[in-house]
Amino acid sequence: MANFNKYPHVFSPIQVGTMTLKNRIQFSPMICALETPSGEITQEYIDWIAQQARTGASLITIGGTSIDHETGDDFESEIDVTTDMNVVGLKRLADEAHYRGAKISIELVHAGRGAMPRLLKDGVAISSSVFPATGGPEGVGNTHIREMTYADIEHICQRYADIAERMARCEFDAIMLHCAHGNLIAQFMSPRFNHRTDWYGGSFENRMRFPLQIMKAVRDRVGKRLNIDMRISGDELIEGGLKVEDMIEFVKLAQQYVDSVHVSVGLVIESDYFYYSMPPYYHPHCNNVKYAEAFKKCPDIHIPVTTVGSITTVAEAEEILAAGKADMVAMARPLMAEPNLLKNAYAGKEENSRPCLRCFECASAVAHQLHCAVNPTCGRETQYRVLPRAEEKKKCVVIGGGPSGMLAAQVLAKRGHEVTLFEKEAELGQKLYEISNLSFKGDMRRYWKWDVETTKKCGAKVLLGTEATPELVMAEEPDAIFIAVGSSPIVPPIPGIERTAGILDVDNDRVEVGKKVVVCGGGLSGTECALELAYKGHQVTVVDMLPVQAFAKDAAPAPYTMLHALLKQNKVKLIGDSKVLSISDKGVEIIDRDLRHEFLEADTVVNALGMRANKEIVDRFAGLIPEVYVIGDAAGAGNMRHATASAFIPAVEC
């Protein structure tokens with residue numbers, strides 16, 4: 001091992017079945033929506049796999065891929081592996097991985113009761129038993145379900161075997177059988193969702209029969225030509241569901257057919273449990289490792305164990321492996337945010353790695369093209385893997401040092417432009433610093449630190465404590481101006497609005513907050529402020545004109561669902577469909593859609609009624625020269641992903 005490498009466990013090889021993996025990092029399954037609507041592989045998809053391999057991960061696993069379109073699809077965004085029509089494209093994916101020293105796998109799934117109705121032949125899903133899904137990511141889950149017949153069972157087993165053979169012919173190294181998160185295989189295993197009275201239900205032995213039958217069918221078909229990985233929920237968490245003890249016994253049986261086990265947790269199609277399968281930033285880091293550890297510590301389990309879930313740094317992975325809690329670590333989001341994560345760690349340059357926010361903006365790829373909130377090149381490798389040098393060197397002025405302004409400066413400087421950045425505050429990213437002060441925003445605080453340091457080192461001239469004026473800007477003789485002056489709180493004409501505390505003042509402990517608090521505004525910032533106050537022991541009510549289910553609606557599905565669950569657990573009262581009429585030193589008067597008045601007692605009232613673009617400031621600079629770009633919140637971006645995209649595109653094309 002090289003003497004500069006601090007992570008000997010991460011960067012040591014491991015034998016998994018017939019594969020020798022060069023290190024212990026797996027690129028975890030990630031749906032990317034880069035194929036055609038009919039599931040054909042595009043050049044963009046090929047370039048995405050090449051990028052995954054370029055990260056240095058030893059094993060790439062393509063995200064959930066349906067084995068039966070008539071009954072099993074849960075997302076539109078899936079490669080079609082059910083036909084030989086895509087063999088050429090699949091072989092190209094394997095080549096891209098192999099050329100870069102990575103092995104490649106694909107996650108095969110039948111969603112069962114989690115299938116998306118509009119994608120099925122007749123809208124009816126099949127499952128072990130008839131249990132309508134209660135929710136999960138938008139559109140996933142079915143309420144029209146029929147119990148599978150023996151013919152259905154034989155058909156599904158055959159489909160898995162057929163597709164495994166096809167993947168072997170396409171020179172894939174492995175497949176991953178998706179037995180986790182409440183998909184069809186797990187539905188048969190789970191006592192909660194399997195109430196059959198035949199030899200596929202009832203006893204533990206009977207409930208495990210279907211998954212073992214699939215595994216045997218696959219192994220009989222492909223022999224040792226293909227490794228078999230298996231993804232499980234170590235614990236379904238739901239009452240009456242599969243527990244760690246059940247799954248340990250199952251893995252003991254399954255290891256005669258499979259080469260490794262990938263231990264996740266929870267249920268994707270049950271809304272109260274899927275944010276454990278897809279853990280957002282409200283969870284602590286490495287929150288699911290304890291489940292994998294239970295399998296790793298079992299003396300009767302002999303196959304390698306992989307852990308997954310909010311492991312965001314190589315240091316975290318090293319600690320897990322060194323402690324013997326797992327044999328491998330799977331991650332996707334950190335490698336999307338920072339493709340050089342492994343390379344930087346190996347070279348001792350971890351400070352250069354862009355942190356992942358764990359915001360799950362990437363998860364909206366189930367309906368849209370893959371993207372990352374902080375890495376605008378993610379999913380755009382065909383266009384932007386290498387930023388083009390500018391054909392003509394320009395003098396560029398960036399007004400504002402928030403996230404969009406900093407990114408614009410970084411990209412412009414990297415392309416060879418001469419860049420001057422004006423920031424009126426004494427430090428870059430002041431608002432980003434302030435919104436990352438909540439107890440669960442540690443990832444954002446790490447990102448702020450990285451963003452500031454990266455901007456200072458990018459080659460731009462950074463003028464701190466200098467408020468831009470048209471005169472100062474024009475003195476730079478700019479060829480292009482990027483206006484990133486952000487937004488300001490909305491202060492509507494509500495009687496008593498002057499009595500409110502600003503949300504950033506509350507979040508940053510600049511004001512004293514009383515016991516009873518009313519937060520006016522049910523957006524993400526308002527509800528997160530309410531949660532933090534509840535953690536501190538305050539009695540909190542949130543009121544908004546939106547219906548309650550639309551509170552924090554701009555968050556991705558996993559953080560949205562977990563946030564609502566945490567608000568409920570911490571007794572935060574949510575009042576929707578109601579307008580704030582007036583504010584006094586006693587509280588807030590509201591009126592609902594039925595014209596009923598209510599008075600909410602409060603010691604402190606927080607203004608979280610949203611932000612508006614600083615149009616007046618934009619107008620000072622917008623007509624100075626022909627080439628002017630308005631970016632970030634000043635352009636109405638609203639969240640980190642849109643702020644990033646709004647800055648990147650004009651900066652890379654300037």
# chains A, B, ... in the order shown; residues from 1 in each chain; ligands from 1
$ select_by_dssp --residues "segment 132-181 of chain A" --states "helix (DSSP H, G or I)" --output "list in words"
Tyr150, Ala151, Asp152, Ile153, Glu154, His155, Ile156, Cys157, Gln158, Arg159, Tyr160, Ala161, Asp162, Ile163, Ala164, Glu165, Arg166, Met167, Ala168 and Arg169 of chain A
$ select_by_dssp --residues "segment 61-160 of chain A" --states "strand (DSSP E)" --output "NGL selection string"
:A and (61-66 or 103-109 or 125-127 or 145-147)
$ residues_around --residues "Ala550 of chain A" --least-positions-apart "6" --cutoff "9 Å" --atoms "only C-alpha atoms" --output "JSON, numbers by chain"
{"A": [522, 523, 576]}
$ write_last_selection --atoms "N, CA and C atoms" --output "PDB file, in the first residue's frame"
ATOM      1  N   GLY A 522     -45.159  28.034   5.457  1.00  0.00           N
ATOM      2  CA  GLY A 522     -44.978  26.586   5.490  1.00  0.00           C
ATOM      3  C   GLY A 522     -44.038  26.061   4.430  1.00  0.00           C
ATOM      4  N   GLY A 523     -43.133  26.909   3.948  1.00  0.00           N
ATOM      5  CA  GLY A 523     -42.128  26.427   3.016  1.00  0.00           C
ATOM      6  C   GLY A 523     -41.086  25.580   3.728  1.00  0.00           C
ATOM      7  N   GLY A 576     -53.013  24.593   7.766  1.00  0.00           N
ATOM      8  CA  GLY A 576     -53.017  24.978   6.362  1.00  0.00           C
ATOM      9  C   GLY A 576     -54.300  25.673   5.960  1.00  0.00           C
TER      10      GLY A 576
END
$ residues_around --residues "segment 296-300 of chain A" --least-positions-apart "6" --cutoff "8 Å" --atoms "only C-alpha atoms" --output "list in words"
Ile248, Lys252, Gly324, Lys325, Ala326 and Asp327 of chain A
$ closest_atom_pairs --of "segment 363-409 of chain A" --to "segment 413-424 of chain A" --cutoff "9 Å" --atoms "only C-alpha atoms" --output "Markdown table"
| residue | atom | partner | partner_atom | distance |
| --- | --- | --- | --- | --- |
| A:Leu387 | CA | A:Arg415 | CA | 6.8 |
| A:Pro388 | CA | A:Arg415 | CA | 6.3 |
| A:Arg389 | CA | A:Arg415 | CA | 4.5 |
| A:Ala390 | CA | A:Arg415 | CA | 5.4 |
| A:Glu392 | CA | A:His417 | CA | 8.2 |
| A:Lys393 | CA | A:His417 | CA | 5.1 |
| A:Lys394 | CA | A:His417 | CA | 5.2 |
| A:Lys395 | CA | A:Glu418 | CA | 4.8 |
| A:Cys396 | CA | A:Val419 | CA | 4.8 |
| A:Val397 | CA | A:Thr420 | CA | 4.9 |
| A:Val398 | CA | A:Leu421 | CA | 4.6 |
| A:Ile399 | CA | A:Phe422 | CA | 5.0 |
| A:Gly400 | CA | A:Glu423 | CA | 5.0 |
| A:Gly401 | CA | A:Glu423 | CA | 5.2 |
| A:Gly402 | CA | A:Glu423 | CA | 8.5 |
| A:Gly405 | CA | A:Leu421 | CA | 7.9 |
| A:Met406 | CA | A:Leu421 | CA | 8.2 |
| A:Ala408 | CA | A:Ala413 | CA | 8.4 |
| A:Ala409 | CA | A:Ala413 | CA | 6.0 |
$ residues_around --residues "Thr561 of chain A" --least-positions-apart "5" --cutoff "10 Å" --atoms "only C-alpha atoms" --output "list in words"
Gly136, Pro137, Ser271, Asp272, Tyr273, Phe274, Tyr275, Pro280, Gln549, Ala552, Lys553, Ala555, Ala556 and Leu566 of chain A
$ write_last_selection --atoms "C-alpha atoms" --output "tab-separated table (two decimals), in the first residue's frame"
chain	number	residue	atom	x	y	z
A	136	GLY	CA	-43.72	6.32	-1.34
A	137	PRO	CA	-42.17	8.39	-4.15
A	271	SER	CA	-44.34	6.34	3.21
A	272	ASP	CA	-43.38	6.02	6.89
A	273	TYR	CA	-40.38	3.81	6.16
A	274	PHE	CA	-38.90	4.75	2.80
A	275	TYR	CA	-36.80	7.60	4.18
A	280	PRO	CA	-31.87	12.39	3.80
A	549	GLN	CA	-49.69	18.41	2.51
A	552	ALA	CA	-42.19	22.02	2.33
A	553	LYS	CA	-43.37	20.89	-1.11
A	555	ALA	CA	-38.16	19.29	-0.94
A	556	ALA	CA	-37.42	15.99	-2.68
A	566	LEU	CA	-40.43	14.58	12.43
$ residues_around --residues "segment 156-170 of chain A" --least-positions-apart "5" --cutoff "10 Å" --atoms "only C-alpha atoms" --output "count of residues only"
48
$ residues_around --residues "Met148 of chain A" --least-positions-apart "3" --cutoff "6 Å" --atoms "only C-alpha atoms" --output "ChimeraX atom specification"
/A:126-128,152
